[in-house]
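This report concerns only the one structure given below.
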Amino acid sequence: MNRKNMSDNVVEQTEKSLKKVTYPRGSVGKEYTTKVPIASKNQSIMVLKESLNEFASKSDSINYVYVLDENKKLIGVVSIKEILKDEKHQLIEEIMNKDVIFTHVQVGKKRAAHLAIKHGIKALPVLDEKDRFLGVLTSDKLLSILYKEHREDIYRSAGIVSIFGNILDQGIWYSFISRVPWILIGLFGGIFSAQVIQSFSDVLSGHIILAVFIPLIVYIGNAVGAQTQAFFVRDIAFNPKINVLLYFFKQLITASLIGLSASIVIWLLVTVFWKSSYIGFVIGLSALTAISASTFIAISIPYLFSIFKKDPATGSGPFATILQDLTSITVYFLLASALL
C-alpha cells in the first residue's frame, strides 16, 4: 500500500463492513467511529511519520494506528508515541502490539467502556461478527458512555428509564411511554404483595406485632439486594467471564453474615421493647432468610440479562425490586405461620 492509498484509506468506507446497520439499542454499534488511521504490516514507520498530519486532519481518533490484513482483520496496533520515537525506520510489523484488546459491535456500551478502562486503552477497536475491523470507540466517547450509563443506573433504581437530558427536549408522550411500564410493574407487584399479606390474615390477627415489622423485612432484603446487584453489575462489566457460581457463594456468605448481624439486633430490640423473645427470633430469622433470597435474585437477574445479550444494568430496576419485595413478604409470613 503506497502513501497515497494509505492516506485515502484513513477512513475506509467499505459499504458492507463500515456502514451503520441496525444494531441493538445501547450497543457499541451505535457509538463507534470509522474515521481512524489504518495501515498494513509491511509499511515502514518512516512513511507513517510523514502521514501523521493527514491522519490528524481526517481522523476522529489519533491515539493509535490500526494494522489490518488483506481481509480487514485487526492484527495489531501501534501507538503514535511508538511511531514518533522510532529512529530505525522499522516496518510496522516489527513494533506493533499483536495482543490487541477489542470489543464486538453488538456488545453493550457500558461493558466496552469498562473494558477499555481496565486495560488503560485510550480508544477501543470494534470488530464485527466475523472479527473484521469496523472502527473504534474514541476516548471522548468512552467517557461519555460511562457518564451516561452511571446516570442511567441511578435513574433505573428509582424506576425511571430512558429519560435523560433536559426534559423539555422530549415530548410528553415519549416521557409517559418510557416511564409508565415500570410503574405498572410495581403497581401489580404491590397488589400481589397485598394478596399475599391478606392470605396470612389469620397469622396477623393472632400476632398483630408482625404487621409492624413488614416494612423492616422488605427494606432489609432490598437494601442488601441492591448492594449485591450493584457490585455484580460492576464486576461482570469488568470481567464478562467471571465465575458466577464462585461469585454467588462468596456473596451469599457475606450476605449471610450481614443477615446474622441484623437478626441478632432485631431479636434484641424485639425482646427489650416488645417483651417477646420468641417473636423476635422469628422476625430475625425472617430477615436473615429474606437477605439470602434477595442476594440470589440480585445476582441471577443481571446474569440472565447477560446470557441473553442484554445490558445487565437493566436488571437493577423495579423488576428486581418487586421480586425481592414479594420474596421477603412471602418468606416472612411462611416462617411466621410455621413457627407461631
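Residue numbering restarts at 1 in every chain; chains get A, B, ... in the order shown in the C-alpha cells, and ligands count up from 1 in that same order.
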Practice item. Would you list the contacts of Glu129 of chain A as a ChimeraX atom specification, taking every protein, DNA or RNA residue within 10 Å and counting only C-alpha atoms, but skipping same-chain residues closer than 3 positions in sequence? Key: /A:104-106,132-133
* To do: Rank nothing, just name the residue among A:Leu134, A:Ile208, A:Ile101, A:Leu91 nearest to Tyr32 of chain A, using only C-alpha atoms.
  =>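 When distances to Tyr32 of chain A are compared using only C-alpha atoms, the smallest one comes from A:Leu134.
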- prompt: Which residues, written as a ChimeraX atom specification, have at least one atom at most 9 Å from Gln324 of chain A, with only C-alpha atoms counted and residues fewer than 6 positions away on the same chain left out?
  reply: /A:218,221-222,225,290,293-295,297-298
I need the chosen residues saved as a compact mmCIF listing (two decimals), in the first residue's frame, with C-alpha atoms.
```txt
# COMPACT_ATOMS: atom_id res chain seq x y z
CA VAL A 218 -38.91 -5.57 52.97
CA GLY A 221 -33.97 -7.51 51.91
CA ASN A 222 -33.96 -4.72 49.31
CA GLY A 225 -30.04 -6.98 47.38
CA ALA A 290 -35.06 -12.50 53.15
CA ALA A 293 -33.16 -14.76 48.94
CA SER A 294 -32.58 -11.17 47.81
CA THR A 295 -28.91 -11.95 47.23
CA ILE A 297 -32.28 -12.55 42.98
CA ALA A 298 -29.74 -9.73 42.82
```
Margin query: Using DSSP secondary structure from the backbone, list all strand (DSSP E or B) positions within segment 125-282 of chain A, as a VMD selection string.
Written below: chain A and resid 125 to 127 132 to 137
Selection above as a file: C-alpha atoms, as a PDB file, in the first residue's frame:
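Dumped everything to out21.pdb:
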```pdb
ATOM      1  CA  PRO A 125     -11.232  -1.194  18.478  1.00  0.00           C
ATOM      2  CA  VAL A 126     -14.621  -2.506  17.349  1.00  0.00           C
ATOM      3  CA  LEU A 127     -14.974  -5.722  15.315  1.00  0.00           C
ATOM      4  CA  ARG A 132     -13.359  -7.691  10.774  1.00  0.00           C
ATOM      5  CA  PHE A 133     -12.286  -4.231  11.845  1.00  0.00           C
ATOM      6  CA  LEU A 134     -15.054  -1.617  11.803  1.00  0.00           C
ATOM      7  CA  GLY A 135     -13.708   1.360  13.737  1.00  0.00           C
ATOM      8  CA  VAL A 136     -13.086   2.455  17.318  1.00  0.00           C
ATOM      9  CA  LEU A 137     -14.728   3.896  20.393  1.00  0.00           C
TER      10      LEU A 137
END
```
| request: Mind checking which residues fall within 8 Å of segment 29-31 of chain A, counting only C-alpha atoms, ignoring those fewer than 2 positions away in the same chain, and posting them as a PyMOL selection string? | output: chain A and resi 20+23-27+33+105-107+109+137+141
Between A:Ser205, A:Ser276, A:Ser306, A:Ser337, single out the one closest to Arg111 of chain A, counting only C-alpha atoms.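 Result for the nearest residue to Arg111 of chain A: A:Ser306.
The smallest atom-to-atom distance between Phe188 of chain A and any of A:Ser201, A:Val224, A:Leu323, A:Asp69, using only C-alpha atoms, is found for A:Leu323.
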Note to self: Please compute the atom CA of Asp131 of chain A-atom CA of Val100 of chain A distance, one decimal, in Å.
What the structure shows: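 Separation between atom CA of Asp131 of chain A and atom CA of Val100 of chain A: 12.3 Å.
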- Shortest interatomic distance to Val203 of chain A - which of A:Val65, A:Ala338, A:Val28, A:Ile117, counting only C-alpha atoms: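 Looking at the shortest contact to Val203 of chain A, the residue is A:Ala338.
A straight line drawn from atom CA of Gly76 of chain A to atom CA of Lys58 of chain A is 20.9 Å long.
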I need the residues in segment 122-321 of chain A that are helix (DSSP H, G or I) according to DSSP; give them as an mmCIF file with C-alpha atoms, in the first residue's frame.
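part12.cif, written as the output of this step:
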```
data_model
loop_
_atom_site.group_PDB
_atom_site.id
_atom_site.type_symbol
_atom_site.label_atom_id
_atom_site.label_comp_id
_atom_site.auth_asym_id
_atom_site.auth_seq_id
_atom_site.Cartn_x
_atom_site.Cartn_y
_atom_site.Cartn_z
ATOM 1 C CA SER A 139 -11.682 8.325 24.402
ATOM 2 C CA ASP A 140 -14.307 11.081 24.349
ATOM 3 C CA LYS A 141 -16.997 8.559 23.520
ATOM 4 C CA LEU A 142 -15.819 6.171 26.241
ATOM 5 C CA LEU A 143 -16.048 8.893 28.879
ATOM 6 C CA SER A 144 -19.451 9.970 27.591
ATOM 7 C CA ILE A 145 -20.742 6.384 27.748
ATOM 8 C CA LEU A 146 -19.577 5.947 31.334
ATOM 9 C CA TYR A 147 -21.170 9.215 32.406
ATOM 10 C CA LYS A 148 -24.499 8.441 30.759
ATOM 11 C CA GLU A 149 -24.593 4.831 31.903
ATOM 12 C CA HIS A 150 -23.857 5.678 35.537
ATOM 13 C CA ARG A 151 -26.591 8.310 35.450
ATOM 14 C CA GLU A 152 -28.928 5.803 33.837
ATOM 15 C CA ASP A 153 -28.246 3.276 36.616
ATOM 16 C CA ILE A 154 -29.240 5.867 39.207
ATOM 17 C CA TYR A 155 -32.466 6.650 37.334
ATOM 18 C CA ARG A 156 -33.316 2.987 36.876
ATOM 19 C CA SER A 157 -33.018 2.355 40.588
ATOM 20 C CA ILE A 167 -36.995 17.000 29.996
ATOM 21 C CA LEU A 168 -38.077 19.964 27.849
ATOM 22 C CA ASP A 169 -36.258 18.409 24.880
ATOM 23 C CA ILE A 172 -44.832 14.360 26.889
ATOM 24 C CA TRP A 173 -45.996 11.174 25.174
ATOM 25 C CA TYR A 174 -42.420 9.847 24.928
ATOM 26 C CA SER A 175 -41.837 10.579 28.602
ATOM 27 C CA PHE A 176 -45.101 8.850 29.523
ATOM 28 C CA ILE A 177 -44.411 5.715 27.450
ATOM 29 C CA SER A 178 -40.860 5.437 28.807
ATOM 30 C CA ARG A 179 -41.849 5.629 32.456
ATOM 31 C CA VAL A 180 -45.298 4.113 32.872
ATOM 32 C CA PRO A 181 -44.415 0.408 32.175
ATOM 33 C CA TRP A 182 -42.109 0.250 35.187
ATOM 34 C CA ILE A 183 -44.644 1.991 37.391
ATOM 35 C CA LEU A 184 -47.298 -0.529 36.299
ATOM 36 C CA ILE A 185 -44.945 -3.423 37.066
ATOM 37 C CA GLY A 186 -44.504 -2.050 40.571
ATOM 38 C CA LEU A 187 -48.253 -1.440 40.863
ATOM 39 C CA PHE A 188 -49.214 -5.012 40.010
ATOM 40 C CA GLY A 189 -46.413 -6.296 42.198
ATOM 41 C CA GLY A 190 -47.743 -4.235 45.101
ATOM 42 C CA ILE A 191 -51.254 -5.599 44.559
ATOM 43 C CA PHE A 192 -49.920 -9.137 44.530
ATOM 44 C CA SER A 193 -47.982 -8.412 47.737
ATOM 45 C CA ALA A 194 -51.229 -7.232 49.331
ATOM 46 C CA GLN A 195 -52.874 -10.511 48.309
ATOM 47 C CA VAL A 196 -50.042 -12.451 49.933
ATOM 48 C CA ILE A 197 -50.447 -10.499 53.177
ATOM 49 C CA GLN A 198 -54.216 -10.993 53.112
ATOM 50 C CA SER A 199 -53.805 -14.747 52.707
ATOM 51 C CA SER A 201 -54.670 -12.720 57.857
ATOM 52 C CA ASP A 202 -55.129 -15.433 60.491
ATOM 53 C CA VAL A 203 -51.465 -15.240 61.478
ATOM 54 C CA LEU A 204 -51.652 -11.434 61.594
ATOM 55 C CA SER A 205 -54.783 -11.408 63.723
ATOM 56 C CA GLY A 206 -53.113 -13.682 66.239
ATOM 57 C CA ILE A 209 -46.889 -7.264 66.043
ATOM 58 C CA LEU A 210 -45.931 -8.969 62.771
ATOM 59 C CA ALA A 211 -47.574 -6.149 60.785
ATOM 60 C CA VAL A 212 -45.297 -3.604 62.439
ATOM 61 C CA ILE A 214 -43.345 -5.775 57.406
ATOM 62 C CA PRO A 215 -41.582 -2.565 56.221
ATOM 63 C CA LEU A 216 -38.399 -3.597 58.038
ATOM 64 C CA ILE A 217 -38.285 -7.054 56.429
ATOM 65 C CA VAL A 218 -38.908 -5.565 52.967
ATOM 66 C CA TYR A 219 -36.324 -2.819 53.462
ATOM 67 C CA ILE A 220 -33.524 -5.009 54.739
ATOM 68 C CA GLY A 221 -33.970 -7.510 51.908
ATOM 69 C CA ASN A 222 -33.962 -4.721 49.308
ATOM 70 C CA ALA A 223 -31.005 -2.923 50.855
ATOM 71 C CA VAL A 224 -28.685 -5.935 50.767
ATOM 72 C CA GLY A 225 -30.041 -6.983 47.377
ATOM 73 C CA ALA A 226 -29.368 -3.533 45.899
ATOM 74 C CA GLN A 227 -25.801 -3.584 47.235
ATOM 75 C CA THR A 228 -25.160 -7.052 45.847
ATOM 76 C CA GLN A 229 -26.646 -6.221 42.458
ATOM 77 C CA ALA A 230 -24.616 -3.027 42.124
ATOM 78 C CA PHE A 231 -21.413 -4.955 42.836
ATOM 79 C CA PHE A 232 -22.327 -7.770 40.426
ATOM 80 C CA VAL A 233 -23.258 -5.442 37.539
ATOM 81 C CA ARG A 234 -19.971 -3.586 38.013
ATOM 82 C CA ASP A 235 -17.884 -6.772 38.280
ATOM 83 C CA ILE A 236 -19.448 -8.516 35.299
ATOM 84 C CA ALA A 237 -18.848 -5.389 33.230
ATOM 85 C CA PHE A 238 -15.144 -5.537 34.090
ATOM 86 C CA VAL A 244 -20.662 -16.820 38.585
ATOM 87 C CA LEU A 245 -21.020 -19.857 40.863
ATOM 88 C CA LEU A 246 -17.987 -18.917 42.958
ATOM 89 C CA TYR A 247 -19.093 -15.274 42.960
ATOM 90 C CA PHE A 248 -22.562 -16.260 44.154
ATOM 91 C CA PHE A 249 -21.239 -18.343 47.071
ATOM 92 C CA LYS A 250 -18.893 -15.570 48.210
ATOM 93 C CA GLN A 251 -21.695 -13.015 48.078
ATOM 94 C CA LEU A 252 -24.070 -15.421 49.834
ATOM 95 C CA ILE A 253 -21.609 -15.915 52.687
ATOM 96 C CA THR A 254 -21.149 -12.147 53.007
ATOM 97 C CA ALA A 255 -24.915 -11.554 52.897
ATOM 98 C CA SER A 256 -25.475 -14.297 55.487
ATOM 99 C CA LEU A 257 -23.040 -12.626 57.877
ATOM 100 C CA ILE A 258 -24.842 -9.313 57.355
ATOM 101 C CA GLY A 259 -28.180 -11.062 57.866
ATOM 102 C CA LEU A 260 -26.974 -12.779 61.018
ATOM 103 C CA SER A 261 -25.812 -9.464 62.465
ATOM 104 C CA ALA A 262 -29.130 -7.787 61.595
ATOM 105 C CA SER A 263 -31.095 -10.727 63.000
ATOM 106 C CA ILE A 264 -29.337 -10.543 66.356
ATOM 107 C CA VAL A 265 -30.049 -6.808 66.578
ATOM 108 C CA ILE A 266 -33.727 -7.357 65.675
ATOM 109 C CA TRP A 267 -34.062 -10.159 68.227
ATOM 110 C CA LEU A 268 -32.566 -7.987 70.973
ATOM 111 C CA LEU A 269 -34.769 -4.994 70.146
ATOM 112 C CA VAL A 270 -37.991 -7.011 69.998
ATOM 113 C CA THR A 271 -37.051 -8.772 73.232
ATOM 114 C CA VAL A 272 -36.390 -5.478 75.027
ATOM 115 C CA PHE A 273 -39.174 -3.263 73.647
ATOM 116 C CA SER A 277 -38.008 -13.159 72.726
ATOM 117 C CA TYR A 278 -39.577 -15.881 70.552
ATOM 118 C CA ILE A 279 -41.315 -13.457 68.172
ATOM 119 C CA GLY A 280 -38.016 -11.564 67.993
ATOM 120 C CA PHE A 281 -36.375 -14.831 66.950
ATOM 121 C CA VAL A 282 -38.989 -15.407 64.206
ATOM 122 C CA ILE A 283 -38.626 -11.869 62.844
ATOM 123 C CA GLY A 284 -34.830 -12.081 62.965
ATOM 124 C CA LEU A 285 -34.862 -15.444 61.169
ATOM 125 C CA SER A 286 -37.173 -13.947 58.543
ATOM 126 C CA ALA A 287 -34.748 -11.066 57.998
ATOM 127 C CA LEU A 288 -31.848 -13.488 57.556
ATOM 128 C CA THR A 289 -33.825 -15.582 55.051
ATOM 129 C CA ALA A 290 -35.056 -12.500 53.150
ATOM 130 C CA ILE A 291 -31.484 -11.228 52.805
ATOM 131 C CA SER A 292 -30.286 -14.574 51.444
ATOM 132 C CA ALA A 293 -33.163 -14.760 48.943
ATOM 133 C CA SER A 294 -32.581 -11.167 47.811
ATOM 134 C CA THR A 295 -28.907 -11.950 47.234
ATOM 135 C CA PHE A 296 -29.875 -14.800 44.913
ATOM 136 C CA ILE A 297 -32.282 -12.553 42.977
ATOM 137 C CA ALA A 298 -29.740 -9.727 42.823
ATOM 138 C CA ILE A 299 -27.220 -11.953 41.041
ATOM 139 C CA SER A 300 -29.464 -14.210 38.964
ATOM 140 C CA ILE A 301 -31.445 -11.466 37.186
ATOM 141 C CA PRO A 302 -28.456 -9.491 35.836
ATOM 142 C CA TYR A 303 -26.781 -12.790 34.918
ATOM 143 C CA LEU A 304 -29.822 -13.862 32.890
ATOM 144 C CA PHE A 305 -29.816 -10.466 31.162
ATOM 145 C CA SER A 306 -26.152 -11.033 30.317
ATOM 146 C CA ILE A 307 -26.810 -14.518 28.903
ATOM 147 C CA PRO A 312 -27.051 -6.387 32.915
ATOM 148 C CA ALA A 313 -27.685 -2.954 34.406
ATOM 149 C CA THR A 314 -31.271 -3.168 33.151
ATOM 150 C CA GLY A 315 -31.922 -5.822 35.800
ATOM 151 C CA SER A 316 -31.202 -3.323 38.575
ATOM 152 C CA PRO A 318 -38.042 -2.154 39.559
ATOM 153 C CA PHE A 319 -38.237 -5.690 38.135
ATOM 154 C CA ALA A 320 -35.681 -6.999 40.635
ATOM 155 C CA THR A 321 -37.050 -4.793 43.393
#
```
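Shortest separation to Lys72 of chain A among A:Ile329, A:Leu339, A:Ile121, A:Ala39 occurs at residue A:Ala39, atoms counted being only C-alpha atoms.
Closest approach to Asp60 of chain A among A:Asn42, A:Asn97, A:Thr138, A:Thr327: A:Thr138, based on only C-alpha atoms.
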Between atom CA of Ile80 of chain A and atom CA of Ala123 of chain A lies a distance of 12.3 Å
